[in-house]
Amino acid sequence: MNRPTIRPTGRERTFDENEIIVSKTDTKGIITYANQVFIRVAGYSESELLGTPHNLIRHPDMPKCVFKLLWDTISAGNEIFAYVINLCKNGDHYWVLAHVTPSFNAAGEIIGYHSSRRVPDREAVATVESLYRTLKATEDAHSDWREGMQEATEQLLAQLDKAGVQYDEFVFSLDENA
(Lines give C-alpha, C1' and ligand atoms only; values in the text may rest on other atoms or scores of the structure.)
Protein backbone atom coordinates (compact mmCIF):
# COMPACT_ATOMS: atom_id res chain seq x y z
CA MET A 1 0.00 0.00 0.00
CA ASN A 2 1.33 3.40 -0.92
CA ARG A 3 1.25 5.97 1.84
CA PRO A 4 -1.32 8.63 0.99
CA THR A 5 -0.10 12.20 0.61
CA ILE A 6 -1.61 14.18 3.45
CA ARG A 7 -1.04 17.89 3.84
CA PRO A 8 -0.48 19.00 7.44
CA THR A 9 -3.16 21.45 8.57
CA GLY A 10 -1.13 22.96 11.41
CA ARG A 11 -3.97 22.11 13.81
CA GLU A 12 -3.04 20.12 16.87
CA ARG A 13 -5.25 17.33 18.11
CA THR A 14 -5.05 16.27 21.76
CA PHE A 15 -6.20 13.42 23.91
CA ASP A 16 -6.86 13.13 27.62
CA GLU A 17 -3.96 12.86 30.06
CA ASN A 18 -5.50 9.66 31.43
CA GLU A 19 -5.61 8.02 27.99
CA ILE A 20 -2.86 5.93 26.45
CA ILE A 21 -2.47 5.33 22.73
CA VAL A 22 -1.40 1.73 22.16
CA SER A 23 -0.27 -0.06 19.03
CA LYS A 24 1.61 -3.23 18.23
CA THR A 25 3.57 -4.05 15.10
CA ASP A 26 5.43 -6.96 13.63
CA THR A 27 9.21 -6.74 13.20
CA LYS A 28 8.78 -4.81 9.92
CA GLY A 29 6.63 -2.10 11.52
CA ILE A 30 3.30 -3.37 10.16
CA ILE A 31 0.45 -2.58 12.56
CA THR A 32 -1.08 -5.69 14.13
CA TYR A 33 -3.08 -3.96 16.90
CA ALA A 34 -4.47 -0.46 17.48
CA ASN A 35 -6.50 0.51 20.54
CA GLN A 36 -9.58 2.72 20.35
CA VAL A 37 -7.68 5.81 21.53
CA PHE A 38 -5.19 5.42 18.65
CA ILE A 39 -8.03 4.89 16.16
CA ARG A 40 -9.92 7.96 17.42
CA VAL A 41 -6.95 10.33 17.66
CA ALA A 42 -5.31 9.34 14.35
CA GLY A 43 -8.68 9.41 12.58
CA TYR A 44 -8.33 6.07 10.82
CA SER A 45 -10.61 3.08 11.10
CA GLU A 46 -9.21 -0.09 12.58
CA SER A 47 -9.30 -1.74 9.14
CA GLU A 48 -7.31 1.17 7.66
CA LEU A 49 -4.61 0.74 10.32
CA LEU A 50 -4.25 -3.03 10.64
CA GLY A 51 -1.81 -4.47 8.11
CA THR A 52 -0.45 -1.00 7.30
CA PRO A 53 3.08 0.29 7.99
CA HIS A 54 3.15 2.33 11.21
CA ASN A 55 4.82 5.15 9.27
CA LEU A 56 1.35 5.88 7.88
CA ILE A 57 1.13 8.44 10.71
CA ARG A 58 4.65 9.89 10.27
CA HIS A 59 4.55 13.68 10.28
CA PRO A 60 6.82 15.32 7.66
CA ASP A 61 8.39 17.54 10.37
CA MET A 62 9.64 14.49 12.30
CA PRO A 63 13.40 14.01 11.80
CA LYS A 64 14.36 10.67 10.27
CA CYS A 65 17.37 10.46 12.59
CA VAL A 66 15.10 10.14 15.63
CA PHE A 67 13.33 7.19 14.00
CA LYS A 68 16.73 5.70 13.15
CA LEU A 69 17.72 5.97 16.83
CA LEU A 70 14.38 4.44 17.83
CA TRP A 71 14.66 1.52 15.38
CA ASP A 72 18.33 0.88 16.20
CA THR A 73 17.43 0.74 19.90
CA ILE A 74 14.38 -1.52 19.71
CA SER A 75 15.83 -3.86 17.07
CA ALA A 76 18.77 -4.40 19.46
CA GLY A 77 16.24 -5.62 22.05
CA ASN A 78 16.06 -2.46 24.16
CA GLU A 79 13.21 -0.13 25.05
CA ILE A 80 13.18 3.58 24.26
CA PHE A 81 11.21 6.67 25.23
CA ALA A 82 10.88 9.32 22.52
CA TYR A 83 8.91 12.42 21.68
CA VAL A 84 7.08 12.01 18.40
CA ILE A 85 4.81 14.23 16.33
CA ASN A 86 2.27 12.18 14.39
CA LEU A 87 0.02 13.03 11.46
CA CYS A 88 -3.71 12.33 11.53
CA LYS A 89 -5.67 11.15 8.51
CA ASN A 90 -7.14 14.65 8.06
CA GLY A 91 -3.73 16.41 8.31
CA ASP A 92 -3.98 17.46 11.95
CA HIS A 93 -1.11 16.44 14.23
CA TYR A 94 -0.61 15.23 17.76
CA TRP A 95 2.44 14.99 20.01
CA VAL A 96 3.16 11.95 22.16
CA LEU A 97 5.72 10.71 24.60
CA ALA A 98 6.19 7.19 23.24
CA HIS A 99 7.49 4.18 25.14
CA VAL A 100 8.44 1.53 22.58
CA THR A 101 9.49 -1.96 23.59
CA PRO A 102 10.33 -5.12 21.69
CA SER A 103 8.13 -8.19 22.22
CA PHE A 104 9.92 -11.53 22.52
CA ASN A 105 8.91 -15.15 21.97
CA ALA A 106 9.82 -17.98 24.35
CA ALA A 107 13.20 -18.40 22.59
CA GLY A 108 14.08 -14.75 23.29
CA GLU A 109 13.68 -13.66 19.67
CA ILE A 110 12.05 -10.34 18.81
CA ILE A 111 8.64 -11.01 17.27
CA GLY A 112 7.27 -7.47 17.21
CA TYR A 113 7.06 -4.14 18.99
CA HIS A 114 4.66 -2.55 21.45
CA SER A 115 4.19 1.21 21.77
CA SER A 116 2.36 3.04 24.55
CA ARG A 117 2.01 6.77 24.02
CA ARG A 118 0.82 9.39 26.43
CA VAL A 119 0.32 13.14 26.46
CA PRO A 120 3.73 14.84 26.78
CA ASP A 121 4.62 17.82 28.94
CA ARG A 122 3.98 21.02 26.89
CA GLU A 123 7.25 22.69 27.89
CA ALA A 124 9.11 19.56 26.86
CA VAL A 125 7.40 19.64 23.47
CA ALA A 126 8.55 23.24 22.94
CA THR A 127 12.16 22.20 23.61
CA VAL A 128 11.88 19.13 21.42
CA GLU A 129 10.26 21.10 18.58
CA SER A 130 13.27 23.40 18.49
CA LEU A 131 15.70 20.47 18.45
CA TYR A 132 13.69 18.61 15.82
CA ARG A 133 13.54 21.71 13.56
CA THR A 134 17.35 21.89 13.69
CA LEU A 135 17.76 18.17 12.97
CA LYS A 136 15.19 18.27 10.15
CA ALA A 137 16.93 21.29 8.57
CA THR A 138 20.21 19.34 8.64
CA GLU A 139 18.51 16.36 6.97
CA ASP A 140 16.81 18.54 4.34
CA ALA A 141 20.06 20.35 3.47
CA HIS A 142 21.27 17.20 1.67
CA SER A 143 20.10 15.98 -1.72
CA ASP A 144 20.72 12.39 -0.54
CA TRP A 145 18.36 11.67 2.38
CA ARG A 146 20.77 9.05 3.77
CA GLU A 147 23.58 11.59 4.05
CA GLY A 148 21.23 14.08 5.67
CA MET A 149 20.00 11.51 8.16
CA GLN A 150 23.56 10.47 8.97
CA GLU A 151 24.68 14.05 9.59
CA ALA A 152 21.61 14.77 11.73
CA THR A 153 22.19 11.53 13.68
CA GLU A 154 25.78 12.59 14.36
CA GLN A 155 24.55 16.04 15.39
CA LEU A 156 22.00 14.54 17.80
CA LEU A 157 24.49 12.08 19.30
CA ALA A 158 27.09 14.84 19.71
CA GLN A 159 24.57 16.98 21.61
CA LEU A 160 23.66 14.06 23.84
CA ASP A 161 27.32 13.22 24.39
CA LYS A 162 28.11 16.84 25.27
CA ALA A 163 25.30 16.77 27.83
CA GLY A 164 26.54 13.41 29.10
CA VAL A 165 23.18 11.68 28.63
CA GLN A 166 21.50 9.02 26.53
CA TYR A 167 18.37 9.96 24.57
CA ASP A 168 16.09 8.43 27.24
CA GLU A 169 17.76 10.52 29.95
CA PHE A 170 17.32 13.62 27.76
CA VAL A 171 13.62 12.80 27.35
CA PHE A 172 13.14 12.34 31.09
CA SER A 173 15.02 15.54 31.88
CA LEU A 174 12.39 17.46 29.89
CA ASP A 175 9.23 15.76 31.12
CA GLU A 176 8.34 16.73 34.66
CA ASN A 177 5.76 13.93 34.74
CA ALA A 178 8.14 11.14 33.70
# chains A, B, ... in the order shown; residues from 1 in each chain; ligands from 1
call {"tool": "select_by_dssp", "arguments": {"residues": "segment 53-175 of chain A", "states": "strand (DSSP E or B)", "output": "ChimeraX atom specification"}}
result
/A:53,58,80-87,93-104,110-118
call {"tool": "residues_around", "arguments": {"residues": "segment 13-24 of chain A", "least_positions_apart": "4", "cutoff": "9 Å", "atoms": "only C-alpha atoms", "output": "PyMOL selection string"}}
result
chain A and resi 29-39+41-42+54+88+92-96+98+112-120
call {"tool": "closest_residue", "arguments": {"among": "A:Leu156, A:Asp121, A:Thr9, A:Ser130", "to": "Ser173 of chain A", "atoms": "only C-alpha atoms"}}
result
A:Asp121
call {"tool": "closest_residue", "arguments": {"among": "A:Pro60, A:Leu135, A:Asp168, A:Met149", "to": "Ala82 of chain A", "atoms": "only C-alpha atoms"}}
result
A:Asp168
